[in-house]
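S.K.: As input, take protein_35.txt (compact mmCIF, C-alpha atoms):
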```
# COMPACT_ATOMS: atom_id res chain seq x y z
CA MET A 1 0.00 0.00 0.00
CA ALA A 2 3.04 2.25 0.14
CA SER A 3 2.42 3.84 -3.23
CA LEU A 4 -1.15 4.94 -2.54
CA THR A 5 -1.81 8.47 -1.43
CA GLN A 6 -2.69 8.77 2.25
CA GLN A 7 -6.16 9.97 1.35
CA LEU A 8 -6.88 6.92 -0.84
CA GLN A 9 -5.35 4.58 1.73
CA ARG A 10 -7.81 5.84 4.31
CA CYS A 11 -10.66 5.36 1.88
CA LEU A 12 -9.65 1.89 0.74
CA LEU A 13 -8.85 0.54 4.18
CA THR A 14 -11.84 1.93 6.08
CA ARG A 15 -15.23 0.29 5.69
CA THR A 16 -17.26 2.78 7.69
CA ASP A 17 -16.15 6.18 6.37
CA VAL A 18 -17.90 6.59 3.03
CA ASN A 19 -16.85 10.20 2.58
CA CYS A 20 -13.12 9.68 2.90
CA CYS A 21 -12.08 10.25 -0.70
CA THR A 22 -14.15 13.23 -1.72
CA THR A 23 -12.70 15.00 -4.75
CA LYS A 24 -13.44 18.72 -4.97
CA THR A 25 -13.77 20.48 -8.28
CA ASN A 26 -11.09 23.05 -7.44
CA SER A 27 -8.38 20.51 -6.60
CA ARG A 28 -5.43 19.87 -8.93
CA LYS A 29 -6.24 22.90 -11.05
CA HIS A 30 -3.25 22.29 -13.27
CA PHE A 31 -4.90 19.10 -14.52
CA SER A 32 -7.88 20.86 -16.03
CA PRO A 33 -6.51 21.82 -19.49
CA ARG A 34 -6.49 18.22 -20.79
CA GLY A 35 -8.84 16.38 -18.45
CA LYS A 36 -12.12 16.77 -16.66
CA ASN A 37 -12.30 16.79 -12.88
CA ARG A 38 -15.17 14.89 -11.34
CA SER A 39 -17.01 16.34 -8.39
CA SER A 40 -18.06 14.83 -5.08
CA LEU A 41 -16.81 11.28 -5.29
CA ASN A 42 -17.85 9.13 -2.32
CA CYS A 43 -16.40 5.65 -2.04
CA SER A 44 -16.35 2.74 0.35
CA ALA A 45 -13.88 0.01 -0.46
CA ILE A 46 -11.24 -2.35 0.82
CA ALA A 47 -7.80 -2.72 -0.75
CA ILE A 48 -6.19 -6.15 -0.67
CA GLU A 49 -2.55 -7.23 -0.88
CA SER A 50 -2.57 -10.86 0.33
CA PRO A 51 -6.17 -11.94 -0.11
CA SER A 52 -6.08 -15.74 -0.25
CA SER A 53 -8.46 -16.22 2.69
CA LEU A 54 -10.73 -13.28 1.88
CA ALA A 55 -13.91 -13.84 -0.10
CA GLY A 56 -15.05 -10.78 -2.03
CA VAL A 57 -18.10 -9.79 -4.03
CA ALA A 58 -20.26 -12.85 -4.77
CA GLY A 59 -17.75 -15.14 -3.04
CA ILE A 60 -14.76 -14.32 -5.25
CA ARG A 61 -11.42 -15.44 -3.81
CA TRP A 62 -8.22 -13.67 -4.80
CA GLY A 63 -4.53 -14.28 -5.25
CA ILE A 64 -1.95 -11.61 -6.07
CA THR A 65 1.80 -11.83 -6.71
CA LYS A 66 4.38 -9.23 -7.79
CA LEU A 67 7.97 -10.30 -8.54
CA GLN A 68 10.86 -8.22 -9.82
CA GLY A 69 12.38 -10.94 -11.97
CA ALA A 70 15.70 -10.27 -13.71
CA ARG A 71 15.12 -6.56 -14.26
CA ASP A 72 17.21 -3.92 -12.47
CA GLU A 73 14.05 -2.18 -11.22
CA MET A 74 10.52 -3.24 -10.32
CA GLU A 75 8.21 -1.19 -12.55
CA ASP A 76 5.13 -3.45 -12.36
CA ASP A 77 2.32 -3.10 -9.86
CA ALA A 78 -0.97 -4.82 -9.17
CA PHE A 79 -3.78 -4.30 -6.71
CA ILE A 80 -7.32 -5.34 -5.91
CA VAL A 81 -10.16 -3.28 -4.48
CA GLN A 82 -13.39 -4.78 -3.19
CA SER A 83 -16.26 -2.34 -2.96
CA ASP A 84 -18.11 -2.40 0.34
CA ALA A 85 -21.24 -0.75 -1.06
CA SER A 86 -24.59 -2.47 -1.55
CA ASN A 87 -24.14 -2.35 -5.33
CA GLY A 88 -20.50 -3.34 -4.89
CA PHE A 89 -18.08 -4.74 -7.42
CA SER A 90 -14.49 -5.92 -7.43
CA PHE A 91 -11.75 -3.96 -9.20
CA ALA A 92 -8.41 -5.56 -10.08
CA ALA A 93 -5.59 -3.98 -12.09
CA VAL A 94 -2.13 -4.84 -13.36
CA PHE A 95 0.19 -2.01 -14.41
CA ASP A 96 3.34 -2.72 -16.42
CA GLY A 97 5.59 0.33 -16.31
CA HIS A 98 8.57 1.39 -18.40
CA ALA A 99 11.15 4.20 -18.22
CA GLY A 100 10.42 4.75 -14.53
CA PHE A 101 7.74 4.21 -11.89
CA SER A 102 6.03 7.63 -11.85
CA THR A 103 3.23 6.67 -14.23
CA VAL A 104 2.51 3.41 -12.41
CA LYS A 105 2.29 5.23 -9.08
CA PHE A 106 -0.06 7.83 -10.56
CA LEU A 107 -2.32 5.11 -11.96
CA ARG A 108 -2.42 3.26 -8.67
CA ASP A 109 -3.44 6.44 -6.90
CA GLU A 110 -5.95 7.72 -9.46
CA LEU A 111 -7.39 5.14 -11.86
CA TYR A 112 -9.69 3.35 -9.42
CA LYS A 113 -11.12 6.63 -8.10
CA GLU A 114 -11.79 7.86 -11.63
CA CYS A 115 -13.46 4.61 -12.65
CA LEU A 116 -15.55 4.58 -9.48
CA ALA A 117 -16.79 8.10 -10.20
CA ALA A 118 -17.48 7.28 -13.85
CA LEU A 119 -19.53 4.26 -12.79
CA GLN A 120 -21.49 6.39 -10.30
CA GLY A 121 -20.14 4.40 -7.39
CA GLY A 122 -20.96 1.11 -9.14
CA PHE A 123 -24.57 2.01 -9.95
CA LEU A 124 -23.98 1.71 -13.72
CA LEU A 125 -22.71 -1.85 -13.32
CA SER A 126 -25.88 -2.89 -11.52
CA GLY A 127 -27.90 -1.56 -14.47
CA LYS A 128 -26.00 -3.76 -16.95
CA ASP A 129 -26.23 -1.13 -19.72
CA PHE A 130 -23.07 -2.15 -21.58
CA GLU A 131 -22.82 0.92 -23.81
CA ALA A 132 -23.21 3.29 -20.85
CA ILE A 133 -20.57 1.37 -18.89
CA LYS A 134 -18.19 1.36 -21.85
CA VAL A 135 -18.52 5.10 -22.44
CA ALA A 136 -17.93 5.78 -18.75
CA ILE A 137 -14.79 3.63 -18.49
CA VAL A 138 -13.27 4.86 -21.75
CA GLU A 139 -13.79 8.44 -20.58
CA ALA A 140 -12.26 7.59 -17.19
CA PHE A 141 -9.13 6.12 -18.78
CA GLU A 142 -8.66 9.07 -21.11
CA ASN A 143 -9.26 11.60 -18.31
CA VAL A 144 -6.64 9.94 -16.13
CA ASP A 145 -4.14 9.99 -18.99
CA SER A 146 -4.80 13.69 -19.62
CA ARG A 147 -4.20 14.49 -15.97
CA LEU A 148 -1.11 12.32 -15.94
CA LEU A 149 0.38 14.13 -18.95
CA ASN A 150 -0.11 17.47 -17.23
CA PHE A 151 1.53 16.05 -14.10
CA LEU A 152 4.53 14.80 -16.10
CA GLU A 153 4.88 18.10 -17.98
CA LEU A 154 5.03 20.07 -14.73
CA LYS A 155 7.74 17.98 -13.13
CA ASP A 156 11.09 19.73 -12.63
CA GLU A 157 12.99 16.93 -14.34
CA ALA A 158 12.01 15.28 -17.62
CA ASP A 159 9.88 12.21 -17.00
CA GLU A 160 9.23 9.94 -19.99
CA SER A 161 7.71 7.11 -17.99
CA GLY A 162 4.69 5.18 -19.19
CA ALA A 163 2.66 2.13 -18.28
CA THR A 164 0.17 -0.32 -19.70
CA ALA A 165 -2.95 -1.04 -17.66
CA THR A 166 -5.42 -3.89 -17.73
CA VAL A 167 -8.41 -3.76 -15.38
CA MET A 168 -11.04 -6.33 -14.41
CA LEU A 169 -14.39 -5.23 -12.98
CA ILE A 170 -16.47 -8.07 -11.54
CA GLY A 171 -20.05 -7.87 -10.34
CA ASN A 172 -23.52 -9.28 -11.02
CA ASP A 173 -22.09 -12.41 -12.65
CA ARG A 174 -20.31 -10.35 -15.27
CA LEU A 175 -16.66 -9.70 -15.96
CA TYR A 176 -15.81 -6.37 -17.58
CA ILE A 177 -12.33 -5.79 -18.96
CA ALA A 178 -10.68 -2.48 -19.84
CA HIS A 179 -7.39 -3.12 -21.58
CA VAL A 180 -4.49 -0.90 -22.63
CA GLY A 181 -1.17 -2.48 -23.63
CA ASP A 182 0.26 -6.00 -23.60
CA SER A 183 -0.81 -7.58 -20.33
CA SER A 184 -3.51 -10.21 -20.76
CA VAL A 185 -6.59 -11.79 -19.17
CA VAL A 186 -7.25 -15.51 -19.56
CA LEU A 187 -10.53 -17.10 -18.46
CA SER A 188 -10.81 -20.78 -17.46
CA ARG A 189 -14.16 -22.13 -18.61
CA SER A 190 -14.54 -25.78 -17.56
CA GLY A 191 -10.78 -26.11 -17.84
CA LYS A 192 -10.52 -24.57 -21.31
CA ALA A 193 -8.45 -21.41 -21.67
CA GLU A 194 -10.06 -18.38 -23.32
CA VAL A 195 -7.73 -15.47 -24.04
CA LEU A 196 -9.88 -12.37 -23.59
CA THR A 197 -7.45 -9.62 -24.65
CA ASP A 198 -5.26 -8.79 -27.62
CA PRO A 199 -1.85 -7.18 -27.06
CA HIS A 200 -1.50 -3.62 -28.34
CA ARG A 201 1.81 -3.97 -30.16
CA PRO A 202 3.03 -2.34 -33.39
CA TYR A 203 4.14 -5.63 -34.92
CA GLY A 204 2.69 -8.98 -35.96
CA ASN A 205 0.16 -10.20 -38.51
CA ASN A 206 -2.93 -10.59 -36.32
CA GLN A 207 -5.88 -8.23 -36.76
CA SER A 208 -5.17 -6.27 -33.57
CA SER A 209 -1.53 -5.63 -34.50
CA LEU A 210 -2.41 -4.61 -38.05
CA GLN A 211 -4.97 -2.13 -36.69
CA GLU A 212 -2.39 -0.66 -34.31
CA ILE A 213 0.20 -0.33 -37.09
CA ARG A 214 -2.32 1.41 -39.33
CA ARG A 215 -3.37 3.80 -36.55
CA VAL A 216 0.24 4.75 -35.77
CA ARG A 217 1.03 5.41 -39.42
CA GLU A 218 -2.14 7.45 -39.94
CA ALA A 219 -1.10 9.54 -36.92
CA GLY A 220 2.19 10.34 -38.70
CA GLY A 221 4.39 7.79 -36.98
CA TRP A 222 6.51 4.97 -38.35
CA ILE A 223 7.53 1.49 -37.24
CA VAL A 224 11.15 0.27 -37.07
CA ASN A 225 11.87 -3.29 -35.92
CA GLY A 226 8.49 -3.54 -34.25
CA ARG A 227 8.89 -0.28 -32.33
CA ILE A 228 7.15 3.05 -32.80
CA CYS A 229 9.77 5.47 -34.16
CA GLY A 230 12.26 2.73 -33.35
CA ASP A 231 11.63 3.27 -29.64
CA ILE A 232 8.61 1.79 -27.87
CA ALA A 233 7.17 -1.70 -28.43
CA VAL A 234 3.62 -1.02 -27.18
CA SER A 235 1.15 1.15 -29.06
CA ARG A 236 -1.29 1.89 -26.21
CA ALA A 237 -0.17 3.09 -22.80
CA PHE A 238 -0.61 5.78 -20.20
CA GLY A 239 2.04 8.49 -20.01
CA ASP A 240 4.81 8.24 -22.63
CA ILE A 241 4.69 11.97 -23.07
CA ARG A 242 7.17 12.03 -25.96
CA PHE A 243 4.63 10.23 -28.16
CA LYS A 244 1.78 12.53 -27.20
CA THR A 245 2.27 16.17 -26.20
CA LYS A 246 6.02 16.27 -26.92
CA LYS A 247 6.25 14.59 -30.30
CA ASN A 248 8.07 17.51 -31.92
CA GLU A 249 10.57 17.64 -29.07
CA MET A 250 11.16 13.93 -29.65
CA LEU A 251 12.01 14.65 -33.28
CA GLU A 252 14.44 17.41 -32.32
CA ASP A 253 16.13 15.14 -29.78
CA GLY A 254 16.41 12.44 -32.43
CA VAL A 255 18.24 14.79 -34.76
CA LYS A 256 20.64 15.85 -31.99
CA GLU A 257 21.31 12.21 -31.09
CA GLY A 258 21.87 11.26 -34.74
CA ARG A 259 18.97 8.84 -34.90
CA TRP A 260 17.51 10.48 -38.02
CA PRO A 261 18.53 13.32 -40.38
CA LYS A 262 16.96 16.78 -40.53
CA LYS A 263 15.65 16.10 -44.03
CA PHE A 264 13.67 13.14 -42.76
CA VAL A 265 12.25 15.14 -39.84
CA SER A 266 11.16 17.96 -42.16
CA ARG A 267 8.80 15.52 -43.91
CA VAL A 268 7.17 14.20 -40.74
CA LYS A 269 3.67 15.53 -40.08
CA PHE A 270 1.90 14.35 -36.95
CA ASN A 271 -1.88 14.12 -37.09
CA ASP A 272 -2.53 12.55 -33.70
CA ASP A 273 -0.88 10.91 -30.71
CA LEU A 274 1.26 7.91 -31.62
CA VAL A 275 0.58 6.12 -28.33
CA VAL A 276 -2.94 6.30 -26.86
CA ALA A 277 -4.62 5.26 -23.61
CA ARG A 278 -8.02 4.46 -25.12
CA PRO A 279 -8.94 1.00 -23.81
CA ASP A 280 -10.51 -1.98 -25.47
CA PHE A 281 -13.60 -2.67 -23.38
CA PHE A 282 -15.81 -5.74 -23.35
CA GLN A 283 -17.86 -7.97 -21.09
CA VAL A 284 -18.07 -11.70 -20.42
CA ALA A 285 -21.01 -13.47 -18.74
CA LEU A 286 -19.86 -15.59 -15.81
CA ALA A 287 -22.01 -18.72 -16.05
CA SER A 288 -21.55 -21.82 -13.88
CA ASP A 289 -18.69 -23.07 -16.10
CA ALA A 290 -16.59 -19.93 -15.46
CA GLU A 291 -13.94 -21.08 -12.97
CA PHE A 292 -11.36 -18.33 -12.63
CA ALA A 293 -9.54 -15.57 -14.48
CA VAL A 294 -5.81 -14.92 -14.62
CA LEU A 295 -4.75 -11.30 -15.18
CA ALA A 296 -0.99 -10.95 -15.65
CA SER A 297 1.74 -8.86 -17.22
CA ASP A 298 3.72 -10.14 -20.20
CA GLY A 299 6.45 -11.28 -17.82
CA LEU A 300 4.23 -14.34 -17.32
CA TRP A 301 2.71 -14.80 -20.77
CA ASP A 302 6.02 -14.65 -22.63
CA TYR A 303 7.05 -17.84 -20.79
CA VAL A 304 3.79 -19.62 -19.88
CA ASN A 305 1.03 -19.91 -22.46
CA SER A 306 -2.65 -19.57 -21.62
CA SER A 307 -3.48 -23.29 -21.67
CA GLU A 308 -0.52 -24.09 -19.43
CA ALA A 309 -1.50 -21.36 -16.98
CA VAL A 310 -5.07 -22.66 -16.70
CA SER A 311 -3.86 -26.24 -16.26
CA ILE A 312 -1.35 -25.24 -13.56
CA VAL A 313 -3.85 -23.16 -11.59
CA ARG A 314 -6.58 -25.81 -11.81
CA ASP A 315 -4.21 -28.48 -10.53
CA GLN A 316 -3.07 -26.25 -7.68
CA LEU A 317 -6.64 -25.46 -6.63
CA ARG A 318 -7.63 -29.11 -6.88
CA GLN A 319 -4.75 -30.02 -4.55
CA HIS A 320 -5.22 -27.42 -1.80
CA GLY A 321 -7.80 -24.81 -2.85
CA ASN A 322 -5.54 -21.88 -1.91
CA VAL A 323 -5.72 -19.18 -4.59
CA GLN A 324 -2.73 -17.27 -3.23
CA GLU A 325 -0.52 -20.36 -3.33
CA ALA A 326 -1.67 -21.08 -6.88
CA CYS A 327 -0.77 -17.52 -7.88
CA GLU A 328 2.70 -17.81 -6.36
CA SER A 329 3.31 -21.19 -7.98
CA LEU A 330 2.43 -19.78 -11.39
CA ALA A 331 4.89 -16.94 -10.93
CA LYS A 332 7.60 -19.36 -9.80
CA ILE A 333 7.20 -21.41 -12.96
CA ALA A 334 7.78 -18.28 -15.07
CA LEU A 335 10.92 -17.52 -13.05
CA ASP A 336 12.13 -21.11 -13.39
CA ARG A 337 11.81 -20.66 -17.14
CA ARG A 338 14.17 -17.69 -16.91
CA SER A 339 11.63 -14.90 -17.36
CA GLN A 340 13.63 -11.74 -17.90
CA ASP A 341 10.78 -9.38 -17.06
CA ASN A 342 8.92 -8.28 -13.97
CA ILE A 343 5.95 -10.53 -13.21
CA SER A 344 2.60 -9.42 -11.80
CA ILE A 345 -0.31 -11.86 -11.50
CA ILE A 346 -3.85 -11.62 -10.14
CA ILE A 347 -6.12 -14.66 -9.99
CA ALA A 348 -9.85 -14.34 -9.33
CA ASP A 349 -11.58 -17.61 -8.38
CA PHE A 350 -15.28 -16.97 -9.01
CA GLY A 351 -16.38 -19.42 -6.32
CA LYS A 352 -18.43 -21.57 -8.70
CA THR A 353 -16.23 -24.68 -8.58
CA GLU A 354 -15.83 -27.31 -5.84
CA TRP A 355 -12.13 -27.89 -6.40
CA GLN A 356 -11.71 -30.80 -4.00
CA ARG A 357 -14.25 -32.85 -5.98
CA LEU A 358 -12.60 -32.33 -9.35
CA PRO A 359 -10.76 -35.36 -10.75
CA VAL A 360 -7.08 -35.00 -11.64
CA ASP A 361 -6.67 -33.63 -15.16
CA ARG A 362 -5.06 -36.19 -17.42
CA ASP A 363 -2.91 -33.49 -18.99
CA ASN A 364 -1.64 -32.51 -15.55
CA VAL A 365 -0.65 -36.08 -14.74
CA VAL A 366 1.37 -36.25 -17.95
CA TYR A 367 2.88 -32.82 -17.23
CA GLU A 368 3.87 -33.76 -13.67
CA PHE A 369 5.32 -37.08 -14.83
CA GLY A 370 7.35 -35.26 -17.47
CA GLN A 371 8.61 -32.77 -14.89
CA ALA A 372 9.61 -35.58 -12.55
CA PHE A 373 11.30 -37.52 -15.34
CA ALA A 374 13.23 -34.43 -16.42
CA THR A 375 14.35 -33.81 -12.85
CA VAL A 376 15.59 -37.38 -12.48
CA GLY A 377 17.39 -37.08 -15.79
CA VAL A 378 19.15 -33.87 -14.79
CA VAL A 379 20.22 -35.35 -11.44
CA SER A 380 21.49 -38.53 -13.12
CA LEU A 381 23.43 -36.50 -15.67
CA GLY A 382 24.97 -34.45 -12.87
CA LEU A 383 26.07 -37.59 -11.02
CA TRP A 384 27.57 -39.04 -14.19
CA LEU A 385 29.50 -35.87 -14.95
CA SER A 386 30.78 -35.78 -11.37
CA SER A 387 32.01 -39.34 -11.67
CA GLN A 388 33.83 -38.50 -14.90
CA LEU A 389 35.60 -35.58 -13.26
CA VAL A 390 36.68 -37.71 -10.31
CA PHE A 391 38.18 -40.43 -12.48
```
Translate the structure of the given file into structure tokens.

M.R.:
Amino acid sequence: MASLTQQLQRCLLTRTDVNCCTTKTNSRKHFSPRGKNRSSLNCSAIAIESPSSLAGVAGIRWGITKLQGARDEMEDDAFIVQSDASNGFSFAAVFDGHAGFSTVKFLRDELYKECLAALQGGFLLSGKDFEAIKVAIVEAFENVDSRLLNFLELKDEADESGATATVMLIGNDRLYIAHVGDSSVVLSRSGKAEVLTDPHRPYGNNQSSLQEIRRVREAGGWIVNGRICGDIAVSRAFGDIRFKTKKNEMLEDGVKEGRWPKKFVSRVKFNDDLVVARPDFFQVALASDAEFAVLASDGLWDYVNSSEAVSIVRDQLRQHGNVQEACESLAKIALDRRSQDNISIIIADFGKTEWQRLPVDRDNVVYEFGQAFATVGVVSLGLWLSSQLVF
């Protein structure tokens, strides 16, 4: 909880004080040029860091893990908020930062509050009007990004940090996802993995990537080796001021650094921001076959595919039923596979499955046998090599 503002900490950790995070219209005046301030936000919620034993809205059980991995700095973050209101919902988010932690910290402090206000304290979710909910969340994301850009511009030192953000909203047997960047949400439905998000990357041949490439080029940008302007490998993110309000300054810096000639720069005409924070937004009905969802940064998905992740989590829950332990085990597997990135994982068990009564998955038996066989093989090889060195 260290990165939350004191005001939001009080709000998120106190059940009884529903007026603890009131936002006044005259606060943060320097944010107003690009974003809209919301007035009179009242919230009642509980923030969770180690939630394995805590059942949330509609009996949801949570697991959350954040690991630094092989990176020099930890720029990921993840958190869960359970609303304590009568029309409550659960909010879970994973932020994958780059070029610093400032943007991630800002999102942790501000994104939930903005979404809560946009959803009228959760009232819109109870109405199940998808278009109204979508408009509200898209506006909330874009407002937060506008305020963030003003915050970054006013800092004494240049701050080019940015972050992807993927959010799950759960309530009334529905899962809503707002997605910006290259983290991912995978749903287990009767043991079958359903990938619910597409990565926003300026490379690849899938429909999502081709749309992102076209959008960047129409905005006046270019792609080099899968990176926008040869720099950033995600096409949607919060922050990243050099691809939004300081695009011309980026060009000038590129000339000074010798990355491109003046003649090339003179032909560049920007029509829009190259990186945007507009989220994909969609909903999924949580029927009785919906078991759990895994929300994680690419530090997991680059090393563990969606089917593997579902199989691993199901087997863990069948063995002991502890969502937190399952979350930690999944992260450990990514580390064992030499993940070079930070790893943030949130698991939401929807409480619809009696794990102890599930039979062992055949695929898991084969997987565990293979793991055991490989371990025995490695140990045997080590003993043989040792004997060769001795003699």

S.K.: Any idea what the distance is between CA of Val310 in chain A and CA of Ser297 in chain A?

M.R.: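 According to the coordinates, CA of Val310 in chain A and CA of Ser297 in chain A are separated by 15.4 Å.
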
S.K.: Counting all atoms listed in the file, which residues of range 186-254 of chain A fall within 12 Å of range 329-348 of chain A, and what is the closest atom pair for each with its distance in Å at one decimal, ordered by chain and rising number, as a tab-separated table?

M.R.:
```
residue	atom	partner	partner_atom	distance
A:Val186	CA	A:Ile347	CA	9.7
A:Leu187	CA	A:Ala348	CA	9.6
A:Ser188	CA	A:Ala348	CA	10.4
```

S.K.: Between CA of Ala165 in chain A and CA of Lys269 in chain A, what is the spacing in Å?

M.R.: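 We find that CA of Lys269 in chain A and CA of Ala165 in chain A lie 28.7 Å from each other.
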
S.K.: Pick out the residues sitting within 12 Å of Ala287 in chain A, and hand them over as an MDAnalysis selection string; count all atoms listed in the file, and ignore anything fewer than 2 positions along from it in its own chain.

M.R.: chainID A and resid 172:175 187:190 284:285 289:292 350:353

S.K.: What's around Gly162 in chain A at 9 Å? Count all atoms listed in the file, leave out sequence neighbours fewer than 6 positions away in its own chain, and write the answer as a PyMOL selection string.

M.R.: chain A and resi 96-104+237-241

S.K.: Just to be explicit: take each residue in the selection above, keep C-alpha atoms, and write the result as a short mmCIF file (atom, residue, chain, number, x, y, z; two decimals), in the frame of the given file.

M.R.:
```cif
data_model
loop_
_atom_site.label_atom_id
_atom_site.label_comp_id
_atom_site.auth_asym_id
_atom_site.auth_seq_id
_atom_site.Cartn_x
_atom_site.Cartn_y
_atom_site.Cartn_z
CA ASP A 96 3.34 -2.72 -16.42
CA GLY A 97 5.59 0.33 -16.31
CA HIS A 98 8.57 1.39 -18.40
CA ALA A 99 11.15 4.20 -18.22
CA GLY A 100 10.42 4.75 -14.53
CA PHE A 101 7.74 4.21 -11.89
CA SER A 102 6.03 7.63 -11.85
CA THR A 103 3.23 6.67 -14.23
CA VAL A 104 2.51 3.41 -12.41
CA ALA A 237 -0.17 3.09 -22.80
CA PHE A 238 -0.61 5.78 -20.20
CA GLY A 239 2.04 8.49 -20.01
CA ASP A 240 4.81 8.24 -22.63
CA ILE A 241 4.69 11.97 -23.07
#
```

S.K.: Sorted by chain and rising residue number, list the residues of range 217-317 of chain A at most 9 Å from range 125-134 of chain A (counting all atoms listed in the file), each with its closest atom pair and distance in Å to one decimal, as CSV.

M.R.:
```
residue,atom,partner,partner_atom,distance
A:Phe281,CA,A:Lys134,CA,6.3
A:Phe282,CA,A:Lys134,CA,7.6
A:Gln283,CA,A:Phe130,CA,7.8
```

S.K.: Find the residues around Leu119 in chain A up to 12 Å (all atoms listed in the file counted), leave out those fewer than 2 positions away in its own chain, and share them as number ranges by chain.

M.R.: A: 38, 41-43, 87-89, 91, 112-117, 121-140, 169

S.K.: Hey, can you spit out that residue selection with C-alpha atoms as a PDB file, in the coordinates of the input?

M.R.:
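Okay, selection34.pdb is ready:
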```
ATOM      1  CA  ARG A  38     -15.170  14.890 -11.340  1.00  0.00           C
ATOM      2  CA  LEU A  41     -16.810  11.280  -5.290  1.00  0.00           C
ATOM      3  CA  ASN A  42     -17.850   9.130  -2.320  1.00  0.00           C
ATOM      4  CA  CYS A  43     -16.400   5.650  -2.040  1.00  0.00           C
ATOM      5  CA  ASN A  87     -24.140  -2.350  -5.330  1.00  0.00           C
ATOM      6  CA  GLY A  88     -20.500  -3.340  -4.890  1.00  0.00           C
ATOM      7  CA  PHE A  89     -18.080  -4.740  -7.420  1.00  0.00           C
ATOM      8  CA  PHE A  91     -11.750  -3.960  -9.200  1.00  0.00           C
ATOM      9  CA  TYR A 112      -9.690   3.350  -9.420  1.00  0.00           C
ATOM     10  CA  LYS A 113     -11.120   6.630  -8.100  1.00  0.00           C
ATOM     11  CA  GLU A 114     -11.790   7.860 -11.630  1.00  0.00           C
ATOM     12  CA  CYS A 115     -13.460   4.610 -12.650  1.00  0.00           C
ATOM     13  CA  LEU A 116     -15.550   4.580  -9.480  1.00  0.00           C
ATOM     14  CA  ALA A 117     -16.790   8.100 -10.200  1.00  0.00           C
ATOM     15  CA  GLY A 121     -20.140   4.400  -7.390  1.00  0.00           C
ATOM     16  CA  GLY A 122     -20.960   1.110  -9.140  1.00  0.00           C
ATOM     17  CA  PHE A 123     -24.570   2.010  -9.950  1.00  0.00           C
ATOM     18  CA  LEU A 124     -23.980   1.710 -13.720  1.00  0.00           C
ATOM     19  CA  LEU A 125     -22.710  -1.850 -13.320  1.00  0.00           C
ATOM     20  CA  SER A 126     -25.880  -2.890 -11.520  1.00  0.00           C
ATOM     21  CA  GLY A 127     -27.900  -1.560 -14.470  1.00  0.00           C
ATOM     22  CA  LYS A 128     -26.000  -3.760 -16.950  1.00  0.00           C
ATOM     23  CA  ASP A 129     -26.230  -1.130 -19.720  1.00  0.00           C
ATOM     24  CA  PHE A 130     -23.070  -2.150 -21.580  1.00  0.00           C
ATOM     25  CA  GLU A 131     -22.820   0.920 -23.810  1.00  0.00           C
ATOM     26  CA  ALA A 132     -23.210   3.290 -20.850  1.00  0.00           C
ATOM     27  CA  ILE A 133     -20.570   1.370 -18.890  1.00  0.00           C
ATOM     28  CA  LYS A 134     -18.190   1.360 -21.850  1.00  0.00           C
ATOM     29  CA  VAL A 135     -18.520   5.100 -22.440  1.00  0.00           C
ATOM     30  CA  ALA A 136     -17.930   5.780 -18.750  1.00  0.00           C
ATOM     31  CA  ILE A 137     -14.790   3.630 -18.490  1.00  0.00           C
ATOM     32  CA  VAL A 138     -13.270   4.860 -21.750  1.00  0.00           C
ATOM     33  CA  GLU A 139     -13.790   8.440 -20.580  1.00  0.00           C
ATOM     34  CA  ALA A 140     -12.260   7.590 -17.190  1.00  0.00           C
ATOM     35  CA  LEU A 169     -14.390  -5.230 -12.980  1.00  0.00           C
TER      36      LEU A 169
END
```

S.K.: How many Å separate CA of Ser311 in chain A from CA of Val294 in chain A?

M.R.: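 These atoms are spaced 11.6 Å apart.
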
S.K.: So that I can see what lies close to range 253-264 of chain A, please list as a list in words the residues with an atom at most 10 Å from it, counting only C-alpha atoms and leaving out residues fewer than 6 positions away in the same chain.

M.R.: Cys229, Gly230 and Lys247 of chain A

S.K.: Using C-alpha atoms, can you export the residues from the last selection as a PDB file, in the frame of the given file?

M.R.:
```
ATOM      1  CA  CYS A 229       9.770   5.470 -34.160  1.00  0.00           C
ATOM      2  CA  GLY A 230      12.260   2.730 -33.350  1.00  0.00           C
ATOM      3  CA  LYS A 247       6.250  14.590 -30.300  1.00  0.00           C
TER       4      LYS A 247
END
```

S.K.: Choose the residue, out of A:Pro202, A:Gly181, A:Gly321, A:Gly63, that has the smallest atom-to-atom separation from Arg214 in chain A; count all atoms listed in the file.

M.R.: A:Pro202

S.K.: Find the residue from A:Gly221, A:Asp109, A:Thr245, A:Asp198 that sits nearest to Asn150 in chain A; use only C-alpha atoms when measuring.

M.R.: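 Once distances to Asn150 in chain A are computed over only C-alpha atoms, the minimum belongs to A:Thr245.
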
S.K.: Just want the 9 Å neighbourhood of Trp355 in chain A, counted on all atoms listed in the file, with same-chain residues fewer than 6 positions away dropped. Output as a VMD selection string.

M.R.: chain A and resid 314 to 315 317 to 321

S.K.: Calculated over all atoms listed in the file, which of the candidates A:Glu252, A:Gly226, A:Asn271, A:His179 has the smallest distance to Asn205 in chain A?

M.R.: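 Under the stated criterion, the closest residue is A:Gly226.
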